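Raw contents of my_file.txt, compact mmCIF, C-alpha atoms and all ligand atoms:
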```
# COMPACT_ATOMS: atom_id res chain seq x y z
CA THR U 1 -169.52 10.38 89.62
CA ARG U 2 -170.29 7.50 91.92
CA THR U 3 -167.76 7.14 94.74
CA ALA U 4 -169.21 4.62 97.22
CA PRO U 5 -168.75 0.94 96.28
CA LEU U 6 -171.83 -0.82 94.95
CA THR U 7 -173.82 -2.82 97.48
CA ASN U 8 -175.91 -5.90 96.71
CA THR U 9 -179.02 -3.89 97.53
CA ASP U 10 -178.06 -1.15 95.02
CA VAL U 11 -177.57 -3.67 92.24
CA ALA U 12 -180.72 -5.66 92.98
CA ALA U 13 -182.78 -2.46 93.16
CA LEU U 14 -181.43 -1.12 89.86
CA ASP U 15 -181.99 -4.51 88.26
CA THR U 16 -185.56 -4.99 89.39
CA ALA U 17 -186.41 -1.39 88.45
CA HIS U 18 -185.33 -1.85 84.83
CA VAL U 19 -184.80 -5.50 83.90
CA PHE U 20 -187.80 -7.64 82.99
CA HIS U 21 -187.03 -11.15 84.27
CA SER U 22 -187.65 -14.56 82.70
CA TRP U 23 -190.33 -16.93 84.01
CA SER U 24 -191.28 -14.64 86.90
CA ALA U 25 -194.00 -12.44 88.25
CA GLN U 26 -192.01 -9.21 88.32
CA LYS U 27 -193.21 -8.08 91.74
CA THR U 28 -191.97 -11.20 93.50
CA LEU U 29 -188.32 -10.92 92.42
CA ASN U 30 -185.48 -11.08 94.91
CA PRO U 31 -182.41 -11.61 92.69
CA LEU U 32 -179.00 -12.46 94.10
CA ALA U 33 -176.53 -9.80 92.92
CA LEU U 34 -173.41 -11.41 91.49
CA ALA U 35 -170.34 -9.33 90.75
CA GLY U 36 -167.70 -11.83 89.65
CA GLY U 37 -166.52 -15.40 89.53
CA SER U 38 -163.63 -17.76 89.00
CA GLY U 39 -163.75 -21.51 88.36
CA SER U 40 -166.51 -23.01 90.52
CA THR U 41 -166.91 -19.90 92.71
CA VAL U 42 -168.93 -16.69 92.31
CA TRP U 43 -169.11 -13.66 94.59
CA ASP U 44 -171.38 -10.75 95.31
CA HIS U 45 -170.60 -7.02 95.75
CA GLU U 46 -169.92 -7.34 99.47
CA GLY U 47 -167.27 -10.04 99.49
CA ARG U 48 -169.55 -13.03 100.02
CA THR U 49 -168.53 -16.06 97.95
CA TYR U 50 -170.62 -19.01 96.82
CA LEU U 51 -169.70 -22.41 95.47
CA ASP U 52 -171.57 -22.40 92.17
CA PHE U 53 -173.20 -25.83 92.18
CA SER U 54 -175.77 -24.60 89.67
CA SER U 55 -173.23 -23.76 86.94
CA GLN U 56 -175.66 -20.81 86.48
CA LEU U 57 -178.25 -22.45 84.18
CA VAL U 58 -176.19 -25.64 83.97
CA ASN U 59 -173.99 -24.02 81.36
CA THR U 60 -170.62 -22.98 82.85
CA ASN U 61 -169.07 -26.38 82.23
CA ILE U 62 -165.56 -24.92 82.06
CA GLY U 63 -166.14 -22.77 85.14
CA HIS U 64 -166.13 -19.00 85.39
CA GLN U 65 -163.50 -16.80 83.72
CA HIS U 66 -161.33 -19.52 82.20
CA PRO U 67 -158.24 -17.56 81.01
CA ARG U 68 -158.00 -19.41 77.73
CA LEU U 69 -161.52 -18.42 76.67
CA ILE U 70 -161.08 -14.87 77.86
CA GLY U 71 -157.80 -14.63 75.91
CA ALA U 72 -159.34 -16.03 72.73
CA ILE U 73 -162.29 -13.64 72.90
CA LYS U 74 -159.93 -10.68 73.45
CA GLU U 75 -157.76 -11.77 70.54
CA GLN U 76 -160.79 -12.06 68.25
CA LEU U 77 -161.99 -8.61 69.37
CA ASP U 78 -158.95 -7.08 67.73
CA ILE U 79 -159.44 -8.99 64.46
CA LEU U 80 -163.15 -8.96 63.59
CA THR U 81 -166.06 -8.62 66.00
CA THR U 82 -168.94 -9.46 63.65
CA VAL U 83 -169.42 -10.99 60.22
CA ALA U 84 -172.48 -11.92 58.17
CA PRO U 85 -173.25 -15.64 58.10
CA SER U 86 -172.95 -15.76 54.30
CA HIS U 87 -169.22 -14.97 54.40
CA ALA U 88 -166.52 -17.52 55.11
CA ASN U 89 -164.80 -16.88 58.41
CA HIS U 90 -161.81 -18.85 59.60
CA THR U 91 -162.69 -18.83 63.32
CA ARG U 92 -166.21 -20.07 62.58
CA ALA U 93 -164.93 -22.82 60.30
CA VAL U 94 -162.47 -24.04 62.94
CA ALA U 95 -165.21 -23.98 65.59
CA ALA U 96 -167.41 -26.23 63.41
CA GLN U 97 -164.47 -28.54 62.67
CA LYS U 98 -163.65 -28.83 66.40
CA ILE U 99 -167.26 -29.62 67.33
CA LEU U 100 -167.47 -32.28 64.60
CA SER U 101 -164.22 -33.88 65.77
CA HIS U 102 -166.01 -34.97 68.97
CA ALA U 103 -169.35 -35.91 67.36
CA PRO U 104 -170.23 -39.31 65.86
CA SER U 105 -168.38 -39.90 62.57
CA THR U 106 -171.68 -39.90 60.62
CA MET U 107 -172.05 -36.16 61.29
CA ASP U 108 -171.07 -33.77 58.54
CA LYS U 109 -171.70 -30.08 59.25
CA VAL U 110 -172.65 -27.56 61.92
CA PHE U 111 -175.34 -24.87 61.65
CA PHE U 112 -174.78 -22.18 64.28
CA THR U 113 -177.54 -20.45 66.23
CA ASN U 114 -177.70 -18.00 69.14
CA GLY U 115 -178.65 -20.58 71.76
CA GLY U 116 -180.48 -23.82 72.46
CA ALA U 117 -184.06 -22.92 71.57
CA ASP U 118 -183.24 -21.76 68.06
CA ALA U 119 -181.01 -24.82 67.64
CA ASN U 120 -184.09 -26.97 68.23
CA GLU U 121 -186.20 -24.73 65.94
CA ASN U 122 -183.74 -25.28 63.14
CA ALA U 123 -183.33 -28.99 63.78
CA ILE U 124 -187.11 -29.40 63.56
CA ARG U 125 -187.13 -27.30 60.37
CA MET U 126 -184.44 -29.54 58.84
CA ALA U 127 -186.33 -32.69 59.81
CA ARG U 128 -189.60 -31.38 58.30
CA LEU U 129 -187.98 -30.36 55.05
CA HIS U 130 -185.93 -33.55 54.84
CA THR U 131 -188.94 -35.84 55.35
CA GLY U 132 -191.71 -33.68 53.87
CA ARG U 133 -193.68 -34.50 57.04
CA ASP U 134 -195.03 -32.34 59.80
CA LYS U 135 -195.44 -33.87 63.24
CA VAL U 136 -192.83 -33.89 65.96
CA ILE U 137 -192.92 -36.30 68.90
CA SER U 138 -191.28 -35.17 72.12
CA ARG U 139 -191.74 -35.98 75.80
CA TYR U 140 -193.77 -34.43 78.57
CA ARG U 141 -190.73 -34.41 80.80
CA SER U 142 -188.50 -32.19 78.70
CA TYR U 143 -187.44 -28.64 78.02
CA HIS U 144 -186.40 -27.62 74.51
CA GLY U 145 -186.59 -23.81 74.55
CA ASN U 146 -188.75 -20.74 74.43
CA THR U 147 -189.18 -19.59 70.78
CA GLY U 148 -191.98 -20.34 68.35
CA ALA U 149 -193.64 -17.63 66.36
CA ALA U 150 -191.22 -15.35 64.46
CA ILE U 151 -190.99 -17.17 61.13
CA VAL U 152 -194.75 -17.65 61.00
CA ALA U 153 -195.21 -13.91 61.59
CA THR U 154 -192.73 -13.14 58.81
CA GLY U 155 -194.37 -11.86 55.63
CA ASP U 156 -191.80 -12.50 52.89
CA TRP U 157 -191.00 -15.73 51.00
CA ARG U 158 -189.09 -17.21 53.93
CA ARG U 159 -192.37 -17.93 55.71
CA ILE U 160 -193.74 -20.19 52.94
CA PRO U 161 -191.47 -23.28 53.24
CA ASN U 162 -191.92 -23.09 57.01
CA GLU U 163 -195.70 -23.11 57.04
CA TYR U 164 -196.49 -26.45 58.59
CA SER U 165 -199.57 -27.19 60.61
CA ARG U 166 -197.10 -27.75 63.45
CA GLY U 167 -198.39 -30.95 64.93
CA HIS U 168 -196.70 -31.78 68.21
CA VAL U 169 -197.34 -34.98 70.08
CA HIS U 170 -196.06 -35.70 73.58
CA VAL U 171 -195.31 -39.06 75.15
CA PHE U 172 -194.04 -40.29 78.50
CA GLY U 173 -190.43 -41.34 78.58
CA PRO U 174 -188.78 -43.70 81.05
CA TYR U 175 -188.61 -42.52 84.68
CA LEU U 176 -188.52 -45.60 86.87
CA TYR U 177 -188.81 -43.75 90.19
CA ARG U 178 -192.19 -42.37 89.08
CA SER U 179 -193.04 -44.94 86.45
CA GLU U 180 -196.09 -44.29 84.28
CA PHE U 181 -195.92 -47.95 83.29
CA TRP U 182 -196.10 -49.78 86.64
CA ALA U 183 -192.56 -50.95 85.97
CA GLU U 184 -190.34 -52.32 88.70
CA THR U 185 -187.08 -52.77 86.80
CA PRO U 186 -185.19 -50.62 84.30
CA GLU U 187 -185.74 -53.30 81.66
CA GLN U 188 -189.53 -53.20 82.13
CA GLU U 189 -189.49 -49.39 82.11
CA ALA U 190 -187.51 -49.27 78.84
CA GLU U 191 -189.63 -51.93 77.16
CA ARG U 192 -192.96 -50.40 78.21
CA ALA U 193 -191.96 -46.82 77.40
CA LEU U 194 -190.95 -48.07 73.95
CA GLN U 195 -194.25 -49.89 73.52
CA HIS U 196 -196.12 -46.68 74.46
CA LEU U 197 -194.01 -44.75 71.92
CA ARG U 198 -194.53 -47.41 69.23
CA ARG U 199 -198.31 -47.32 69.70
CA THR U 200 -198.29 -43.52 69.60
CA VAL U 201 -196.36 -43.56 66.31
CA GLU U 202 -198.77 -46.12 64.84
CA LEU U 203 -201.87 -44.21 65.89
CA GLU U 204 -200.53 -40.80 64.83
CA GLY U 205 -199.56 -42.29 61.45
CA PRO U 206 -195.85 -42.93 60.85
CA GLN U 207 -196.07 -41.18 57.47
CA SER U 208 -196.96 -37.91 59.20
CA ILE U 209 -194.09 -37.90 61.69
CA ALA U 210 -191.01 -35.89 60.76
CA ALA U 211 -188.98 -36.17 63.94
CA MET U 212 -188.56 -37.42 67.42
CA LEU U 213 -186.93 -34.78 69.59
CA LEU U 214 -185.46 -36.08 72.85
CA GLU U 215 -183.04 -34.80 75.41
CA THR U 216 -180.48 -37.62 75.60
CA VAL U 217 -180.70 -37.21 79.37
CA PRO U 218 -183.68 -35.01 80.32
CA GLY U 219 -182.08 -32.25 82.42
CA THR U 220 -184.43 -29.69 83.94
CA ALA U 221 -187.09 -32.41 84.08
CA GLY U 222 -185.00 -34.31 86.63
CA ILE U 223 -181.74 -35.75 85.21
CA LEU U 224 -183.44 -38.91 84.00
CA LEU U 225 -180.80 -41.30 82.68
CA PRO U 226 -182.39 -43.50 80.02
CA PRO U 227 -182.50 -47.18 80.99
CA PRO U 228 -180.44 -49.58 78.86
CA GLY U 229 -182.10 -50.26 75.52
CA TYR U 230 -184.45 -47.25 75.45
CA LEU U 231 -182.52 -44.92 73.14
CA GLU U 232 -181.50 -47.86 70.98
CA GLY U 233 -185.18 -48.81 70.69
CA VAL U 234 -186.14 -45.25 69.74
CA ARG U 235 -183.47 -45.31 67.03
CA ALA U 236 -184.82 -48.60 65.65
CA LEU U 237 -188.38 -47.21 65.59
CA CYS U 238 -187.16 -44.09 63.76
CA ASP U 239 -185.31 -46.25 61.22
CA GLN U 240 -188.36 -48.41 60.66
CA HIS U 241 -190.51 -45.40 59.75
CA GLY U 242 -188.04 -42.96 58.23
CA ILE U 243 -188.35 -40.57 61.20
CA VAL U 244 -185.50 -38.16 61.96
CA LEU U 245 -184.00 -38.62 65.43
CA ILE U 246 -182.97 -35.31 67.03
CA LEU U 247 -181.04 -35.60 70.28
CA ASP U 248 -181.07 -32.40 72.31
CA GLU U 249 -177.66 -32.18 74.01
CA VAL U 250 -178.04 -28.53 74.98
CA MET U 251 -177.72 -29.29 78.70
CA ALA U 252 -176.29 -32.82 78.65
CA GLY U 253 -173.49 -32.24 76.11
CA PHE U 254 -169.89 -31.09 76.40
CA GLY U 255 -168.73 -32.87 79.52
CA ARG U 256 -171.81 -32.61 81.71
CA THR U 257 -172.32 -36.39 81.87
CA GLY U 258 -168.59 -37.17 81.92
CA ASP U 259 -168.59 -37.76 78.14
CA TRP U 260 -168.13 -35.33 75.27
CA PHE U 261 -171.77 -35.96 74.36
CA ALA U 262 -174.23 -37.73 76.63
CA LEU U 263 -175.10 -40.02 73.70
CA ASP U 264 -171.55 -41.46 73.78
CA ALA U 265 -172.63 -43.70 76.67
CA PHE U 266 -175.32 -45.31 74.49
CA ASN U 267 -175.34 -47.23 71.27
CA VAL U 268 -177.32 -44.62 69.37
CA ARG U 269 -176.51 -42.44 66.37
CA PRO U 270 -178.90 -39.50 65.94
CA ASP U 271 -179.55 -37.67 62.66
CA LEU U 272 -179.31 -34.26 64.30
CA ILE U 273 -177.74 -33.12 67.57
CA THR U 274 -178.57 -29.75 69.09
CA PHE U 275 -176.09 -28.06 71.42
CA ALA U 276 -175.51 -24.74 73.25
CA LYS U 277 -174.59 -24.10 76.92
CA GLY U 278 -171.46 -26.22 77.58
CA VAL U 279 -169.98 -25.78 74.10
CA ASN U 280 -168.43 -22.49 75.31
CA SER U 281 -169.98 -22.25 78.78
CA GLY U 282 -172.05 -19.28 77.64
CA TYR U 283 -169.17 -16.80 77.60
CA VAL U 284 -170.75 -15.51 74.38
CA PRO U 285 -174.24 -16.76 73.44
CA VAL U 286 -174.11 -19.60 70.90
CA GLY U 287 -175.80 -22.86 70.00
CA GLY U 288 -176.24 -24.99 66.94
CA VAL U 289 -177.26 -28.13 65.10
CA ILE U 290 -174.83 -30.89 64.18
CA ILE U 291 -176.13 -32.38 60.95
CA SER U 292 -175.71 -35.89 59.55
CA GLU U 293 -174.32 -36.46 56.07
CA GLU U 294 -177.73 -37.60 54.86
CA ILE U 295 -179.65 -34.54 56.05
CA SER U 296 -176.89 -32.18 55.05
CA ALA U 297 -177.05 -33.65 51.51
CA THR U 298 -180.77 -32.79 51.31
CA PHE U 299 -179.73 -29.17 51.13
CA ASN U 300 -176.91 -29.53 48.60
CA ASP U 301 -179.08 -28.38 45.72
CA ARG U 302 -182.09 -27.15 47.62
CA VAL U 303 -182.20 -23.87 49.57
CA PHE U 304 -182.25 -24.24 53.36
CA PRO U 305 -184.88 -21.68 54.40
CA GLY U 306 -183.41 -20.71 57.76
CA GLY U 307 -180.83 -18.30 59.14
CA LEU U 308 -179.87 -15.84 61.85
CA THR U 309 -177.90 -12.59 61.71
CA TYR U 310 -175.40 -13.79 64.31
CA SER U 311 -175.05 -17.39 63.12
CA GLY U 312 -171.47 -18.32 63.93
CA HIS U 313 -170.61 -14.98 65.56
CA PRO U 314 -166.80 -14.58 65.61
CA LEU U 315 -166.57 -13.93 69.36
CA ALA U 316 -168.70 -16.99 70.07
CA ALA U 317 -166.72 -19.05 67.57
CA ALA U 318 -163.40 -17.99 69.14
CA SER U 319 -164.67 -19.02 72.56
CA VAL U 320 -165.90 -22.38 71.21
CA VAL U 321 -162.48 -23.17 69.74
CA ALA U 322 -160.71 -22.16 72.95
CA SER U 323 -163.14 -24.08 75.11
CA ILE U 324 -162.80 -27.31 73.16
CA GLU U 325 -159.00 -26.99 73.14
CA ALA U 326 -158.99 -26.42 76.90
CA PHE U 327 -161.29 -29.43 77.38
CA GLU U 328 -158.86 -31.55 75.34
CA GLN U 329 -155.65 -30.33 76.96
CA GLU U 330 -156.87 -30.09 80.54
CA ASN U 331 -158.79 -33.42 80.47
CA ILE U 332 -161.96 -31.69 81.60
CA VAL U 333 -164.34 -34.41 80.37
CA GLU U 334 -162.28 -37.01 82.23
CA ASN U 335 -162.38 -34.83 85.34
CA ALA U 336 -166.19 -34.69 85.17
CA ALA U 337 -166.38 -38.48 84.84
CA ARG U 338 -164.00 -39.04 87.76
CA ILE U 339 -165.70 -36.47 89.99
CA GLY U 340 -169.00 -38.22 89.31
CA ALA U 341 -167.81 -41.75 89.96
CA ASP U 342 -165.38 -41.14 92.82
CA HIS U 343 -166.84 -38.17 94.67
CA LEU U 344 -170.41 -37.15 93.81
CA GLU U 345 -171.95 -40.62 93.57
CA PRO U 346 -170.56 -41.96 96.87
CA GLY U 347 -170.97 -38.57 98.59
CA LEU U 348 -174.59 -38.07 97.56
CA LYS U 349 -175.48 -41.68 98.37
CA ALA U 350 -173.98 -41.18 101.83
CA LEU U 351 -176.21 -38.11 102.21
CA ALA U 352 -179.24 -40.21 101.26
CA ALA U 353 -178.29 -42.73 103.95
CA ARG U 354 -178.35 -39.89 106.51
CA HIS U 355 -181.46 -38.01 105.35
CA GLU U 356 -184.73 -39.88 105.17
CA PHE U 357 -186.32 -37.40 102.76
CA ILE U 358 -183.84 -38.04 99.94
CA GLY U 359 -185.96 -40.46 97.92
CA GLU U 360 -183.54 -41.04 95.07
CA VAL U 361 -180.03 -40.06 94.01
CA ARG U 362 -179.38 -40.34 90.28
CA GLY U 363 -176.96 -39.04 87.71
CA ARG U 364 -173.57 -39.30 86.12
CA GLY U 365 -170.54 -37.04 85.69
CA VAL U 366 -171.38 -33.59 87.07
CA PHE U 367 -175.11 -34.09 86.39
CA TRP U 368 -176.91 -35.32 89.55
CA ALA U 369 -180.34 -34.97 91.11
CA LEU U 370 -181.54 -35.48 94.66
CA GLU U 371 -185.26 -36.20 94.59
CA LEU U 372 -186.77 -35.07 97.90
CA VAL U 373 -189.90 -36.76 99.26
CA GLU U 374 -192.06 -36.49 102.36
CA ASP U 375 -192.20 -40.25 102.63
CA ARG U 376 -190.01 -42.87 100.98
CA THR U 377 -192.90 -45.31 100.58
CA THR U 378 -195.46 -43.00 98.96
CA ARG U 379 -192.71 -40.92 97.25
CA LYS U 380 -194.85 -37.82 97.76
CA PRO U 381 -192.70 -34.85 96.71
CA VAL U 382 -191.77 -32.31 99.40
CA ASN U 383 -193.60 -29.02 98.92
CA ALA U 384 -192.40 -25.68 97.55
CA GLY U 385 -192.12 -24.22 101.06
CA PHE U 386 -189.61 -26.94 102.00
CA MET U 387 -187.55 -26.29 98.86
CA GLY U 388 -187.61 -22.54 99.51
CA LYS U 389 -186.24 -23.07 103.03
CA LEU U 390 -183.60 -25.46 101.76
CA LYS U 391 -182.50 -22.92 99.17
CA THR U 392 -182.11 -20.25 101.85
CA GLU U 393 -180.12 -22.61 104.10
CA LEU U 394 -177.79 -23.50 101.21
CA LEU U 395 -177.25 -19.87 100.23
CA ASN U 396 -176.63 -18.90 103.85
CA ARG U 397 -173.85 -21.50 103.97
CA GLY U 398 -172.24 -20.27 100.75
CA LEU U 399 -173.60 -22.67 98.12
CA LEU U 400 -175.52 -21.50 95.07
CA PRO U 401 -177.94 -24.37 94.34
CA PHE U 402 -180.00 -25.42 91.32
CA ILE U 403 -183.51 -26.25 92.46
CA ALA U 404 -186.28 -27.62 90.24
CA ASP U 405 -189.64 -28.67 91.71
CA ASN U 406 -188.86 -31.07 94.58
CA ARG U 407 -185.30 -31.67 93.45
CA VAL U 408 -181.84 -30.33 94.08
CA HIS U 409 -179.76 -30.69 90.93
CA VAL U 410 -176.11 -31.05 91.86
CA VAL U 411 -174.53 -29.61 88.75
CA PRO U 412 -171.14 -27.99 89.37
CA PRO U 413 -168.76 -27.04 86.56
CA ALA U 414 -166.90 -29.96 84.97
CA VAL U 415 -163.67 -28.45 86.35
CA VAL U 416 -164.83 -28.81 89.97
CA THR U 417 -162.20 -30.23 92.35
CA PRO U 418 -162.59 -33.04 94.90
CA GLU U 419 -162.05 -30.46 97.67
CA GLU U 420 -164.88 -28.26 96.37
CA VAL U 421 -167.14 -31.31 96.18
CA ARG U 422 -166.20 -32.18 99.77
CA GLN U 423 -167.12 -28.64 100.91
CA ALA U 424 -170.39 -28.74 98.97
CA LEU U 425 -171.38 -32.14 100.38
CA ALA U 426 -170.84 -30.81 103.92
CA ILE U 427 -173.04 -27.80 103.10
CA TYR U 428 -175.84 -29.96 101.61
CA ASP U 429 -175.63 -32.14 104.72
CA ASP U 430 -175.88 -29.21 107.15
CA ALA U 431 -178.65 -27.50 105.18
CA LEU U 432 -180.69 -30.71 104.96
CA THR U 433 -180.28 -31.17 108.71
CA ALA U 434 -181.40 -27.58 109.28
CA VAL U 435 -184.66 -28.01 107.33
CA SER U 436 -185.56 -31.46 108.61
N1 LIG R 1 -182.72 -27.67 75.41
C1 LIG R 1 -182.39 -28.01 76.66
C2 LIG R 1 -182.20 -29.45 77.01
C3 LIG R 1 -182.22 -27.03 77.65
O1 LIG R 1 -181.93 -27.40 78.91
C4 LIG R 1 -182.40 -25.68 77.29
C5 LIG R 1 -182.21 -24.60 78.29
O2 LIG R 1 -182.18 -24.83 79.48
C6 LIG R 1 -182.73 -25.37 75.97
C7 LIG R 1 -182.88 -26.38 75.05
C8 LIG R 1 -182.93 -23.95 75.53
O3 LIG R 1 -181.71 -23.29 75.44
P1 LIG R 1 -181.63 -21.70 75.43
O4 LIG R 1 -182.12 -21.23 76.76
O5 LIG R 1 -180.19 -21.41 75.14
O6 LIG R 1 -182.51 -21.22 74.32
```
In structure tokens, what does this structure look like?
Amino acid sequence: TRTAPLTNTDVAALDTAHVFHSWSAQKTLNPLALAGGSGSTVWDHEGRTYLDFSSQLVNTNIGHQHPRLIGAIKEQLDILTTVAPSHANHTRAVAAQKILSHAPSTMDKVFFTNGGADANENAIRMARLHTGRDKVISRYRSYHGNTGAAIVATGDWRRIPNEYSRGHVHVFGPYLYRSEFWAETPEQEAERALQHLRRTVELEGPQSIAAMLLETVPGTAGILLPPPGYLEGVRALCDQHGIVLILDEVMAGFGRTGDWFALDAFNVRPDLITFAKGVNSGYVPVGGVIISEEISATFNDRVFPGGLTYSGHPLAAASVVASIEAFEQENIVENAARIGADHLEPGLKALAARHEFIGEVRGRGVFWALELVEDRTTRKPVNAGFMGKLKTELLNRGLLPFIADNRVHVVPPAVVTPEEVRQALAIYDDALTAVS
């Protein structure tokens, strides 16, 4: 019966009255109401548009409303909208085949999940069962997801093979700008971070360590490209001790770094790769684990005690197939690489030359961070008040930013155009001037 068009205020009020939001104190919410989008642009209910340089949660790699994905989802809707994971489904099988065609040749199968967190849950489960060990080493500067307790709460037999003491150990990874190792060069940082990891493995007991779980390029933690030799050194350490190497490519994969997988830029072959986000840009929730031949073979005769009702959901699978085909035919990975090298890198470095409080510019492809500091010598991060003002200035100028701690992550869709990058750079420049 509603006749008046929706306003942003209507939508935000209805939302905050009924929707419980992630990672927030519910009384402090002030959500931006978004009504629609196309490519690298989104808009609200009152005709205001924004360049989406957040890619939402760094997941819309193919941009908003790509017609090929929309068409594939609609087509699948008329065929079969849901199917139990135990059945064979053609769309799901093709989705797995397509994902594997871009993964290292040592990879054998894909296990589908609903998103990134449960991809990591299942990768850890596979590593524990494969090795018969318990501990997992990961890094302080990382994000791997938000699940943890459901299988342990489960009462039936499925709990039993998953009852580990759940030892988790954290280490520092390389981050030269804020080195924990007093390093001055990337080589020193890689070597010393590896030495710290090696000593941790030795003191924890290599025989107790099932897996190392690393984001190939830590994303939310700051877009920290690993220095040459680091990932290769981690691989060698894993080989030495029979530890499973899990690379989390949930944020870094599918074009974000200008490669199909971020690991393609390094000489490293993981045992398990987790993915989500960019695989279908989140048009339908999906994630998964890409499994090596060796780990896959562990479960040839032995039951894999893991599963999800919507594993390989047909609508998600259809969107995965369409997304990968569009990436291939529209050279989207190549576009991300070119945008990074020819437009974002020089453009962001020019910004740093103009604005004293940009302490470091780092990244690759469409995966960049500006680290903002009060003082370039002490590298003291700018405070939350500064970042809040910057966010407002960016939004007021029509750019939807991704802000984490004292950083602006410049993470547009992989389909972004040079002209959109030019507009965004001008907005960052003006907004930085306004807050300085
Ligand atoms: N791993 C990484 C590297 C991520 O960035 C994220 C989400 O941001 C996750 C895992 C968790 O994914 P999801 O939110 O789909 O569970």
Contacts of chain U with ligand LIG 1 (chain R) up to 9 Å, shortest pair per row, only C-alpha atoms and all ligand atoms, as a Markdown table:
```
| residue | atom | partner | partner_atom | distance |
| --- | --- | --- | --- | --- |
| U:Leu57 | CA | R:LIG1 | O2 | 6.6 |
| U:Val58 | CA | R:LIG1 | O2 | 7.5 |
| U:Asn59 | CA | R:LIG1 | O2 | 8.4 |
| U:Asn114 | CA | R:LIG1 | O5 | 7.3 |
| U:Gly115 | CA | R:LIG1 | O5 | 3.8 |
| U:Gly116 | CA | R:LIG1 | O3 | 3.3 |
| U:Ala117 | CA | R:LIG1 | O6 | 3.6 |
| U:Asp118 | CA | R:LIG1 | O6 | 6.3 |
| U:Ala119 | CA | R:LIG1 | O6 | 7.7 |
| U:Asn120 | CA | R:LIG1 | C7 | 7.0 |
| U:Ser142 | CA | R:LIG1 | C2 | 7.1 |
| U:Tyr143 | CA | R:LIG1 | C1 | 5.3 |
| U:His144 | CA | R:LIG1 | C7 | 3.8 |
| U:Gly145 | CA | R:LIG1 | C8 | 3.8 |
| U:Asn146 | CA | R:LIG1 | O6 | 6.3 |
| U:Thr147 | CA | R:LIG1 | O6 | 7.7 |
| U:Leu214 | CA | R:LIG1 | C2 | 8.5 |
| U:Glu215 | CA | R:LIG1 | C2 | 5.6 |
| U:Thr216 | CA | R:LIG1 | C2 | 8.5 |
| U:Val217 | CA | R:LIG1 | C2 | 8.2 |
| U:Pro218 | CA | R:LIG1 | C2 | 6.6 |
| U:Gly219 | CA | R:LIG1 | O1 | 6.0 |
| U:Thr220 | CA | R:LIG1 | O1 | 6.1 |
| U:Ala221 | CA | R:LIG1 | O1 | 8.9 |
| U:Asp248 | CA | R:LIG1 | C2 | 5.7 |
| U:Glu249 | CA | R:LIG1 | C2 | 6.1 |
| U:Val250 | CA | R:LIG1 | C1 | 4.7 |
| U:Met251 | CA | R:LIG1 | O1 | 4.6 |
| U:Ala252 | CA | R:LIG1 | C2 | 7.0 |
| U:Thr274 | CA | R:LIG1 | N1 | 7.8 |
| U:Phe275 | CA | R:LIG1 | N1 | 7.7 |
| U:Ala276 | CA | R:LIG1 | O5 | 6.0 |
| U:Lys277 | CA | R:LIG1 | O5 | 6.5 |
| U:Gly282 | CA | R:LIG1 | O5 | 8.8 |
| U:Pro285 | CA | R:LIG1 | O5 | 7.7 |
| U:Val286 | CA | R:LIG1 | O5 | 7.6 |
| U:Gly287 | CA | R:LIG1 | O5 | 6.9 |
```
Among the residues U:Leu213, U:Leu129, U:Ala265, U:Ala369, the one that comes closest to Ile160 in chain U [using all atoms listed in the file]
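Smallest separation from Ile160 in chain U among the options: U:Leu129.
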Nearby residues (only C-alpha atoms) at most 8 Å from Tyr428 in chain U, same-chain spacing under 4 positions excluded, as a ChimeraX atom specification:
/U:394,424,432
Tell me, as a PyMOL selection string, which residues lie within 9 Å of range 384-387 of chain U, counting only C-alpha atoms; anything in the same chain fewer than 6 positions away does not count.
chain U and resi 372+403-408+435-436
Spatial sel., origin (-191.6, -43.2, 86.3), limit 12 Å, all atoms listed in the file, listed as a list in words
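Using all atoms listed in the file, the matching residues come out as Tyr140, Arg141, Phe172, Gly173, Pro174, Tyr175, Leu176, Tyr177, Arg178, Ser179, Glu180, Phe181, Trp182, Ala183, Glu184, Thr185, Pro186, Gln188, Glu189, Ala190, Arg192, Ala193, Ala221, Gly222, Leu224, Leu225, Pro226, Pro227 and Arg379 of chain U.
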Report, in Å to a single decimal, how far apart CA of Ala210 in chain U and CA of Arg128 in chain U are.
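Going from CA of Arg128 in chain U over to CA of Ala210 in chain U covers 5.3 Å.
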From U:Ala127, U:Glu393, U:Gly242, U:His45, residue lying nearest Ala4 in chain U [all atoms listed in the file]:
U:His45
To one decimal in Å, tell me the separation between CA of Ala211 in chain U and CA of His102 in chain U.
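Separation between CA of Ala211 in chain U and CA of His102 in chain U: 23.5 Å.
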Pick from U:Cys238, U:Ile62, U:Ala350, U:Ala123, whichever lies nearest to Gly306 in chain U using only C-alpha atoms
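Selected residue with least distance to Gly306 in chain U: U:Ala123.
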